[in-house]
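Beneath this line is the structure, given in structure tokens, with notes to follow.
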Amino acid sequence: MSSPTAPGVTQEARDYLADVERELADLPAEESAALLEDLEQHLAALAEEGDDCPVVIRLGSPAAYAEELRAAAGLPARGVARPPVRRDELRRTVAELRAHPFAREVSRLWAELRPAWWVLRGYLVIAVPCALAGQWDFPVPAPLGSDELGLLLVPAAIAGSVVLGRRQLTPVTARLLTGAGAFLALVAFVLAADGTSYPSYDPGYAYPAVYDQAVGEQPLVSRYGPVTDVLPYAADGTPLEDVLLYDQDGRPLQVGFQEWWADGCARVLRQPLAADGVPVPHAFPQTYALDPVFGDPALCDATVARPEVSVPTFPQPVPTAATGTGPAGVAGD
Amino acid sequence: MDASQLLKGVLDVAVLAVVREADGYGYDVVRRLRTAGLEDVGDASVYGTLRRLYQAGALTSYVVPSDEGPHRKYYAINDRGRSVLEDSGKTWRTFVDAVDGLLSGAAA
């Protein structure tokens, strides 16, 4: 028997009522209905008092309440096995935890956020199956590949979800709904965390290929942008030519091709050739020559000067006899 | 001695007396009993007693619609209830006098 629940009665009270109802299940329907009606009104009256004290604390466990009710009403005690006491203890512990100020604050916040969840739930009901079927098109899912259908279904689902949320449901339905909602949220979370499930984020070209290409053209990047040349100097400030540079792992240092020049002329890279005729790309500075095919050489600077740099001055090494390996040592005393 | 044990025996009298004073719904009766000093009275006991007295024909009930919240089922005492209360009251006084006599005798 399921009695209609009065508005304003909390979920906790509905659960309590359902539990007592179970305890009275063996009584004639008329008898239990009358007792439950009283209890329902009682719970509503308690709720009206605005007392936050959990029902289980106030009235005792549902089993104990039902037992006391039977005894006072002159009804036979329940013969069949009752749920174990442990369950009542658990319930009481849960109720005590719920009575904690922090838990109350959380549950209050949760109650305030419920309408937001109803909207999200309605959206997810349409969006999650679409995302699973690969018919995801953010922000409006496109069921069967149709954006218009999505625009129709999403508001309908949200409206339905809100209506469902506002209604008073039987405990069983409410639990089913909570379970389904949790499952939906979990699937949505997994989908959101696994971004690859969202084809809409595919910009139309493959990132890795572009990345490789960029690295190939500009293999060395500094904080100022791509590095296209390295200009070596000796400690005394002499500009060095044809210096071979290697990175920390012994690999030839590679820089990018310089595409743009201040004079607007195109240039081609002229790398020195090794004895076997293979170009040496890691000889620095890089040498560029004007591309005769592209642009008028007369309008171009034939040579590209090194930029002005201020090379630090190092202290001069003081030759002493103790060095042993210097020219002085070779010359002898 | 635990007052709740005593209560069980006299709850009928107490509930009938409260309802005779004025009609009341379940929670109202609980509160009036507590205000009168029966602090240990259990909600379920009161509701069960009301139900039993109603079944026994000692009380009548009627529903009062409420603007806010659920309708309330009020209990009112009837003639049968009054005679039950009168009989029970006599029994109670005799009982109390007897126990009082025993207690004062024991104290003397």
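Labeling convention for the structure tokens: chains A, B, ... as they appear, residues from 1 per chain, ligands from 1 in order of appearance.
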Per residue of chain A within 12 Å of chain B, record the nearest atom pair and its distance in Å to one decimal, counting only C-alpha atoms, with rows in chain order and ascending residue number, as JSON lines.
{"residue": "A:Pro4", "atom": "CA", "partner": "B:Pro70", "partner_atom": "CA", "distance": 10.6}
{"residue": "A:Thr5", "atom": "CA", "partner": "B:Pro70", "partner_atom": "CA", "distance": 9.0}
{"residue": "A:Ala6", "atom": "CA", "partner": "B:Pro70", "partner_atom": "CA", "distance": 5.9}
{"residue": "A:Pro7", "atom": "CA", "partner": "B:Gly69", "partner_atom": "CA", "distance": 6.9}
{"residue": "A:Gly8", "atom": "CA", "partner": "B:Gly69", "partner_atom": "CA", "distance": 7.3}
{"residue": "A:Val9", "atom": "CA", "partner": "B:Gly69", "partner_atom": "CA", "distance": 9.1}
{"residue": "A:Val20", "atom": "CA", "partner": "B:Ala44", "partner_atom": "CA", "distance": 11.0}
{"residue": "A:Glu30", "atom": "CA", "partner": "B:Gln55", "partner_atom": "CA", "distance": 11.6}
{"residue": "A:Glu31", "atom": "CA", "partner": "B:Arg51", "partner_atom": "CA", "distance": 9.1}
{"residue": "A:Ser32", "atom": "CA", "partner": "B:Arg51", "partner_atom": "CA", "distance": 10.6}
{"residue": "A:Ala33", "atom": "CA", "partner": "B:Arg51", "partner_atom": "CA", "distance": 11.4}
{"residue": "A:Ala34", "atom": "CA", "partner": "B:Arg51", "partner_atom": "CA", "distance": 8.0}
{"residue": "A:Leu35", "atom": "CA", "partner": "B:Arg51", "partner_atom": "CA", "distance": 7.4}
{"residue": "A:Leu36", "atom": "CA", "partner": "B:Tyr47", "partner_atom": "CA", "distance": 10.0}
{"residue": "A:Glu37", "atom": "CA", "partner": "B:Lys73", "partner_atom": "CA", "distance": 9.0}
{"residue": "A:Asp38", "atom": "CA", "partner": "B:Gly26", "partner_atom": "CA", "distance": 7.1}
{"residue": "A:Leu39", "atom": "CA", "partner": "B:Tyr47", "partner_atom": "CA", "distance": 7.9}
{"residue": "A:Glu40", "atom": "CA", "partner": "B:Pro70", "partner_atom": "CA", "distance": 8.7}
{"residue": "A:Gln41", "atom": "CA", "partner": "B:Pro70", "partner_atom": "CA", "distance": 6.4}
{"residue": "A:His42", "atom": "CA", "partner": "B:Tyr27", "partner_atom": "CA", "distance": 6.0}
{"residue": "A:Leu43", "atom": "CA", "partner": "B:Tyr27", "partner_atom": "CA", "distance": 9.3}
{"residue": "A:Ala44", "atom": "CA", "partner": "B:Gly69", "partner_atom": "CA", "distance": 7.0}
{"residue": "A:Ala45", "atom": "CA", "partner": "B:Tyr27", "partner_atom": "CA", "distance": 7.3}
{"residue": "A:Leu46", "atom": "CA", "partner": "B:Tyr27", "partner_atom": "CA", "distance": 8.5}
{"residue": "A:Ala47", "atom": "CA", "partner": "B:Gly69", "partner_atom": "CA", "distance": 9.7}
{"residue": "A:Glu48", "atom": "CA", "partner": "B:Gly69", "partner_atom": "CA", "distance": 8.0}
{"residue": "A:Glu49", "atom": "CA", "partner": "B:Tyr27", "partner_atom": "CA", "distance": 11.4}
{"residue": "A:Val55", "atom": "CA", "partner": "B:Asp43", "partner_atom": "CA", "distance": 11.7}
{"residue": "A:Arg58", "atom": "CA", "partner": "B:Asp43", "partner_atom": "CA", "distance": 9.2}
{"residue": "A:Leu59", "atom": "CA", "partner": "B:Asp43", "partner_atom": "CA", "distance": 6.9}
{"residue": "A:Gly60", "atom": "CA", "partner": "B:Gly42", "partner_atom": "CA", "distance": 9.5}
{"residue": "A:Ser61", "atom": "CA", "partner": "B:Ala44", "partner_atom": "CA", "distance": 11.2}
{"residue": "A:Pro62", "atom": "CA", "partner": "B:Ala44", "partner_atom": "CA", "distance": 10.2}
{"residue": "A:Ala63", "atom": "CA", "partner": "B:Ala44", "partner_atom": "CA", "distance": 11.1}
{"residue": "A:Ala64", "atom": "CA", "partner": "B:Ala44", "partner_atom": "CA", "distance": 9.0}
{"residue": "A:Tyr65", "atom": "CA", "partner": "B:Ala44", "partner_atom": "CA", "distance": 5.8}
{"residue": "A:Ala66", "atom": "CA", "partner": "B:Ala44", "partner_atom": "CA", "distance": 7.3}
{"residue": "A:Glu67", "atom": "CA", "partner": "B:Ala44", "partner_atom": "CA", "distance": 8.5}
{"residue": "A:Glu68", "atom": "CA", "partner": "B:Ala44", "partner_atom": "CA", "distance": 5.7}
{"residue": "A:Leu69", "atom": "CA", "partner": "B:Gly48", "partner_atom": "CA", "distance": 4.6}
{"residue": "A:Arg70", "atom": "CA", "partner": "B:Gly48", "partner_atom": "CA", "distance": 6.5}
{"residue": "A:Ala71", "atom": "CA", "partner": "B:Gly48", "partner_atom": "CA", "distance": 7.3}
{"residue": "A:Ala72", "atom": "CA", "partner": "B:Gly48", "partner_atom": "CA", "distance": 4.6}
{"residue": "A:Ala73", "atom": "CA", "partner": "B:Gly48", "partner_atom": "CA", "distance": 4.0}
{"residue": "A:Gly74", "atom": "CA", "partner": "B:Arg52", "partner_atom": "CA", "distance": 6.5}
{"residue": "A:Leu75", "atom": "CA", "partner": "B:Arg52", "partner_atom": "CA", "distance": 8.7}
Since we have the selection now, will you write its residues out, keeping C-alpha atoms, as a compact mmCIF listing (two decimals), in the first residue's frame?
# COMPACT_ATOMS: atom_id res chain seq x y z
CA PRO A 4 0.00 9.75 -1.27
CA THR A 5 2.68 11.87 0.29
CA ALA A 6 1.97 15.36 1.47
CA PRO A 7 4.00 18.18 -0.02
CA GLY A 8 6.77 19.63 2.10
CA VAL A 9 7.71 16.25 3.48
CA VAL A 20 7.29 1.81 9.01
CA GLU A 30 -7.37 -0.74 6.62
CA GLU A 31 -5.54 -0.87 9.93
CA SER A 32 -2.09 -0.08 8.55
CA ALA A 33 -3.51 2.62 6.29
CA ALA A 34 -5.03 4.41 9.27
CA LEU A 35 -1.82 4.19 11.29
CA LEU A 36 0.31 5.35 8.38
CA GLU A 37 -1.99 8.25 7.68
CA ASP A 38 -1.51 9.40 11.25
CA LEU A 39 2.24 9.00 10.98
CA GLU A 40 2.32 10.91 7.73
CA GLN A 41 0.49 13.81 9.30
CA HIS A 42 2.79 13.58 12.27
CA LEU A 43 5.88 13.76 10.06
CA ALA A 44 4.39 16.73 8.23
CA ALA A 45 3.71 18.46 11.56
CA LEU A 46 7.28 17.81 12.67
CA ALA A 47 8.55 19.20 9.38
CA GLU A 48 6.43 22.32 9.86
CA GLU A 49 8.14 22.97 13.14
CA VAL A 55 13.27 11.85 12.16
CA ARG A 58 13.24 12.11 17.14
CA LEU A 59 10.99 9.09 16.75
CA GLY A 60 13.43 6.22 17.11
CA SER A 61 14.07 3.58 14.50
CA PRO A 62 11.17 2.66 12.19
CA ALA A 63 11.10 -0.85 13.68
CA ALA A 64 10.92 0.48 17.25
CA TYR A 65 8.26 3.01 16.26
CA ALA A 66 6.14 0.32 14.62
CA GLU A 67 6.54 -1.96 17.62
CA GLU A 68 5.46 0.75 20.05
CA LEU A 69 2.56 1.65 17.79
CA ARG A 70 1.37 -1.95 17.66
CA ALA A 71 1.64 -2.37 21.41
CA ALA A 72 -0.28 0.84 22.14
CA ALA A 73 -2.91 0.10 19.51
CA GLY A 74 -3.45 -3.35 20.96
CA LEU A 75 -2.30 -5.05 17.78
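Comparing the minimum interatomic distances between Ala99 (chain A) and each of A:Leu164, A:Ala131, A:Cys53, A:Arg267, counting only C-alpha atoms, we find that A:Cys53 sits nearest.
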### Task
For Glu259 (chain A), list every protein, DNA or RNA residue within 10 Å, evaluated using only C-alpha atoms, and leave out those in the same chain fewer than 6 positions away; present the list as a list in words.
Thr228, Cys265, Ala266, Arg267 and Val268 of chain A
Write out the residues from the selection above, keeping C-alpha atoms, as a compact mmCIF listing (two decimals), in the first residue's frame.
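Resulting contents of out13.txt:
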# COMPACT_ATOMS: atom_id res chain seq x y z
CA THR A 228 67.55 30.12 -37.85
CA CYS A 265 64.92 39.13 -51.35
CA ALA A 266 64.76 35.37 -51.49
CA ARG A 267 67.88 33.47 -50.57
CA VAL A 268 68.98 29.90 -50.78
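Near Gly24 (chain B), within a cut-off of 10 Å and counting only C-alpha atoms, sit the residues Val18, Val19, Val29, Val30, Arg32, Ser61, Arg72, Lys73, Tyr74, Tyr75, Ala76 and Ile77 of chain B, with same-chain residues fewer than 5 positions away left out.
Near Pro232 (chain A), within 8 Å and counting only C-alpha atoms, sit Val230, Ala234, Pro239, Leu240, Glu241, Val243, Phe284 and Pro285 of chain A, not including residues fewer than 2 positions from it in the same chain.
Atom to atom, CA of Gln11 (chain A) and CA of Pro28 (chain A) stand 26.2 Å apart.
Using only C-alpha atoms, the residues found no farther than 8 Å from region 84-89 of chain B, other than those of its own chain fewer than 4 positions away, are B:Val13, B:Leu16, B:Ala17, B:Ala58, B:Arg80, B:Arg93.
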Include N, CA and C atoms and write out the residues we just selected as a JSON list (two decimals), in the first residue's frame.
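The new file again.json reads:
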[["chain", "number", "residue", "atom", "x", "y", "z"],
["B", 13, "VAL", "N", -6.18, 6.60, 30.11],
["B", 13, "VAL", "CA", -6.80, 7.63, 30.95],
["B", 13, "VAL", "C", -6.28, 9.01, 30.57],
["B", 16, "LEU", "N", -7.54, 10.12, 27.08],
["B", 16, "LEU", "CA", -8.96, 10.45, 27.14],
["B", 16, "LEU", "C", -9.18, 11.78, 27.87],
["B", 17, "ALA", "N", -8.40, 11.99, 28.93],
["B", 17, "ALA", "CA", -8.56, 13.23, 29.70],
["B", 17, "ALA", "C", -8.17, 14.43, 28.87],
["B", 58, "ALA", "N", -14.51, 4.78, 21.74],
["B", 58, "ALA", "CA", -14.44, 5.78, 22.80],
["B", 58, "ALA", "C", -14.16, 7.17, 22.24],
["B", 80, "ARG", "N", -19.39, 7.34, 25.14],
["B", 80, "ARG", "CA", -18.74, 6.10, 25.54],
["B", 80, "ARG", "C", -17.37, 6.37, 26.14],
["B", 93, "ARG", "N", -7.88, 6.32, 40.85],
["B", 93, "ARG", "CA", -7.81, 6.97, 42.16],
["B", 93, "ARG", "C", -7.71, 5.92, 43.27]]
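From CA of Tyr233 (chain A) back to CA of Pro252 (chain A), the distance works out to 18.5 Å.
For the pair CA of Tyr16 (chain A) and CA of Ser161 (chain A), the separation is 25.8 Å.
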### Task
Find the residues around Cys130 (chain A) up to 8 Å (only C-alpha atoms counted), leave out those fewer than 5 positions away in its own chain, and share them as a PyMOL selection string.
chain A and resi 135-136+141-143
Write out, as a CSV table (one decimal), in the first residue's frame, the residues just selected, with N, CA and C atoms.
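And here is the file that came out, again-v1.csv:
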chain,number,residue,atom,x,y,z
A,135,GLN,N,27.6,11.2,-32.7
A,135,GLN,CA,26.8,12.2,-33.3
A,135,GLN,C,26.9,13.5,-32.4
A,136,TRP,N,28.0,13.7,-31.8
A,136,TRP,CA,28.1,14.8,-30.9
A,136,TRP,C,28.5,16.0,-31.7
A,141,PRO,N,23.7,18.5,-29.3
A,141,PRO,CA,24.0,17.2,-29.9
A,141,PRO,C,23.1,17.1,-31.2
A,142,ALA,N,23.6,16.3,-32.1
A,142,ALA,CA,22.9,16.1,-33.4
A,142,ALA,C,22.4,14.7,-33.5
A,143,PRO,N,21.3,14.3,-32.9
A,143,PRO,CA,20.8,12.9,-33.0
A,143,PRO,C,20.5,12.6,-34.5
### Task
Pick out each residue of region 34-257 of chain A that DSSP on the backbone tags as strand (DSSP E); I need them as an MDAnalysis selection string.
chainID A and resid 221:222 225:226 243:244
Keeping only N, CA and C atoms, write the selected residues to a file as a PDB file, in the first residue's frame.
ATOM      1  N   VAL A 221      63.878  26.215 -31.278  1.00  0.00           N
ATOM      2  CA  VAL A 221      63.057  27.376 -30.926  1.00  0.00           C
ATOM      3  C   VAL A 221      63.559  27.936 -29.610  1.00  0.00           C
ATOM      4  N   SER A 222      63.767  29.222 -29.558  1.00  0.00           N
ATOM      5  CA  SER A 222      64.159  29.863 -28.301  1.00  0.00           C
ATOM      6  C   SER A 222      62.964  30.646 -27.781  1.00  0.00           C
ATOM      7  N   GLY A 225      61.438  32.864 -30.351  1.00  0.00           N
ATOM      8  CA  GLY A 225      60.886  32.319 -31.585  1.00  0.00           C
ATOM      9  C   GLY A 225      61.848  31.320 -32.200  1.00  0.00           C
ATOM     10  N   PRO A 226      61.598  30.960 -33.454  1.00  0.00           N
ATOM     11  CA  PRO A 226      62.458  29.969 -34.117  1.00  0.00           C
ATOM     12  C   PRO A 226      63.873  30.495 -34.277  1.00  0.00           C
ATOM     13  N   VAL A 243      81.930  26.800 -37.761  1.00  0.00           N
ATOM     14  CA  VAL A 243      82.051  26.087 -36.480  1.00  0.00           C
ATOM     15  C   VAL A 243      81.014  24.950 -36.478  1.00  0.00           C
ATOM     16  N   LEU A 244      81.433  23.778 -36.138  1.00  0.00           N
ATOM     17  CA  LEU A 244      80.497  22.651 -36.086  1.00  0.00           C
ATOM     18  C   LEU A 244      79.919  22.573 -34.673  1.00  0.00           C
TER      19      LEU A 244
END
### Task
Based on DSSP run over this structure's backbone, return all residues of region 11-45 of chain B in helix (DSSP H, G or I), as a PyMOL selection string.
chain B and resi 11-21+26-35+43-45
Taking N, CA and C atoms for each residue, export the selection above as a PDB file, in the first residue's frame.
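What ended up in result-v6.pdb:
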ATOM      1  N   LEU B  11      -1.972   5.362  30.035  1.00  0.00           N
ATOM      2  CA  LEU B  11      -2.010   6.219  28.850  1.00  0.00           C
ATOM      3  C   LEU B  11      -3.441   6.421  28.354  1.00  0.00           C
ATOM      4  N   ASP B  12      -4.259   5.341  28.462  1.00  0.00           N
ATOM      5  CA  ASP B  12      -5.657   5.479  28.031  1.00  0.00           C
ATOM      6  C   ASP B  12      -6.336   6.616  28.790  1.00  0.00           C
ATOM      7  N   VAL B  13      -6.177   6.603  30.114  1.00  0.00           N
ATOM      8  CA  VAL B  13      -6.804   7.628  30.954  1.00  0.00           C
ATOM      9  C   VAL B  13      -6.278   9.008  30.573  1.00  0.00           C
ATOM     10  N   ALA B  14      -4.954   9.092  30.426  1.00  0.00           N
ATOM     11  CA  ALA B  14      -4.331  10.380  30.132  1.00  0.00           C
ATOM     12  C   ALA B  14      -4.807  10.921  28.782  1.00  0.00           C
ATOM     13  N   VAL B  15      -4.836  10.063  27.783  1.00  0.00           N
ATOM     14  CA  VAL B  15      -5.244  10.507  26.444  1.00  0.00           C
ATOM     15  C   VAL B  15      -6.714  10.921  26.456  1.00  0.00           C
ATOM     16  N   LEU B  16      -7.542  10.118  27.082  1.00  0.00           N
ATOM     17  CA  LEU B  16      -8.964  10.454  27.142  1.00  0.00           C
ATOM     18  C   LEU B  16      -9.181  11.781  27.867  1.00  0.00           C
ATOM     19  N   ALA B  17      -8.404  11.990  28.933  1.00  0.00           N
ATOM     20  CA  ALA B  17      -8.556  13.227  29.703  1.00  0.00           C
ATOM     21  C   ALA B  17      -8.168  14.434  28.869  1.00  0.00           C
ATOM     22  N   VAL B  18      -7.062  14.293  28.099  1.00  0.00           N
ATOM     23  CA  VAL B  18      -6.602  15.395  27.250  1.00  0.00           C
ATOM     24  C   VAL B  18      -7.639  15.709  26.180  1.00  0.00           C
ATOM     25  N   VAL B  19      -8.193  14.665  25.562  1.00  0.00           N
ATOM     26  CA  VAL B  19      -9.154  14.886  24.474  1.00  0.00           C
ATOM     27  C   VAL B  19     -10.490  15.407  25.031  1.00  0.00           C
ATOM     28  N   ARG B  20     -10.804  15.030  26.263  1.00  0.00           N
ATOM     29  CA  ARG B  20     -12.039  15.542  26.854  1.00  0.00           C
ATOM     30  C   ARG B  20     -11.940  17.060  27.048  1.00  0.00           C
ATOM     31  N   GLU B  21     -10.766  17.488  27.394  1.00  0.00           N
ATOM     32  CA  GLU B  21     -10.512  18.907  27.601  1.00  0.00           C
ATOM     33  C   GLU B  21     -10.773  19.683  26.317  1.00  0.00           C
ATOM     34  N   GLY B  26      -3.307  14.158  16.503  1.00  0.00           N
ATOM     35  CA  GLY B  26      -2.293  13.327  17.150  1.00  0.00           C
ATOM     36  C   GLY B  26      -1.148  14.086  17.795  1.00  0.00           C
ATOM     37  N   TYR B  27      -0.498  14.911  17.002  1.00  0.00           N
ATOM     38  CA  TYR B  27       0.680  15.577  17.530  1.00  0.00           C
ATOM     39  C   TYR B  27       0.299  16.566  18.626  1.00  0.00           C
ATOM     40  N   ASP B  28      -0.898  17.143  18.463  1.00  0.00           N
ATOM     41  CA  ASP B  28      -1.412  18.074  19.470  1.00  0.00           C
ATOM     42  C   ASP B  28      -1.576  17.356  20.807  1.00  0.00           C
ATOM     43  N   VAL B  29      -2.115  16.132  20.755  1.00  0.00           N
ATOM     44  CA  VAL B  29      -2.309  15.348  21.972  1.00  0.00           C
ATOM     45  C   VAL B  29      -0.956  15.016  22.610  1.00  0.00           C
ATOM     46  N   VAL B  30       0.024  14.651  21.748  1.00  0.00           N
ATOM     47  CA  VAL B  30       1.365  14.344  22.252  1.00  0.00           C
ATOM     48  C   VAL B  30       1.915  15.548  23.018  1.00  0.00           C
ATOM     49  N   ARG B  31       1.798  16.715  22.410  1.00  0.00           N
ATOM     50  CA  ARG B  31       2.362  17.922  23.025  1.00  0.00           C
ATOM     51  C   ARG B  31       1.652  18.279  24.343  1.00  0.00           C
ATOM     52  N   ARG B  32       0.347  18.110  24.352  1.00  0.00           N
ATOM     53  CA  ARG B  32      -0.384  18.460  25.575  1.00  0.00           C
ATOM     54  C   ARG B  32      -0.055  17.504  26.713  1.00  0.00           C
ATOM     55  N   LEU B  33       0.141  16.234  26.361  1.00  0.00           N
ATOM     56  CA  LEU B  33       0.537  15.275  27.396  1.00  0.00           C
ATOM     57  C   LEU B  33       1.896  15.653  27.968  1.00  0.00           C
ATOM     58  N   ARG B  34       2.798  16.052  27.060  1.00  0.00           N
ATOM     59  CA  ARG B  34       4.158  16.401  27.503  1.00  0.00           C
ATOM     60  C   ARG B  34       4.126  17.679  28.340  1.00  0.00           C
ATOM     61  N   THR B  35       3.331  18.634  27.881  1.00  0.00           N
ATOM     62  CA  THR B  35       3.219  19.883  28.643  1.00  0.00           C
ATOM     63  C   THR B  35       2.675  19.606  30.050  1.00  0.00           C
ATOM     64  N   ASP B  43       5.728   9.132  20.913  1.00  0.00           N
ATOM     65  CA  ASP B  43       4.816   9.532  19.841  1.00  0.00           C
ATOM     66  C   ASP B  43       3.986   8.342  19.371  1.00  0.00           C
ATOM     67  N   ALA B  44       4.682   7.221  19.158  1.00  0.00           N
ATOM     68  CA  ALA B  44       3.994   6.045  18.633  1.00  0.00           C
ATOM     69  C   ALA B  44       2.952   5.531  19.619  1.00  0.00           C
ATOM     70  N   SER B  45       3.270   5.613  20.916  1.00  0.00           N
ATOM     71  CA  SER B  45       2.323   5.141  21.936  1.00  0.00           C
ATOM     72  C   SER B  45       1.043   5.945  21.896  1.00  0.00           C
TER      73      SER B  45
END
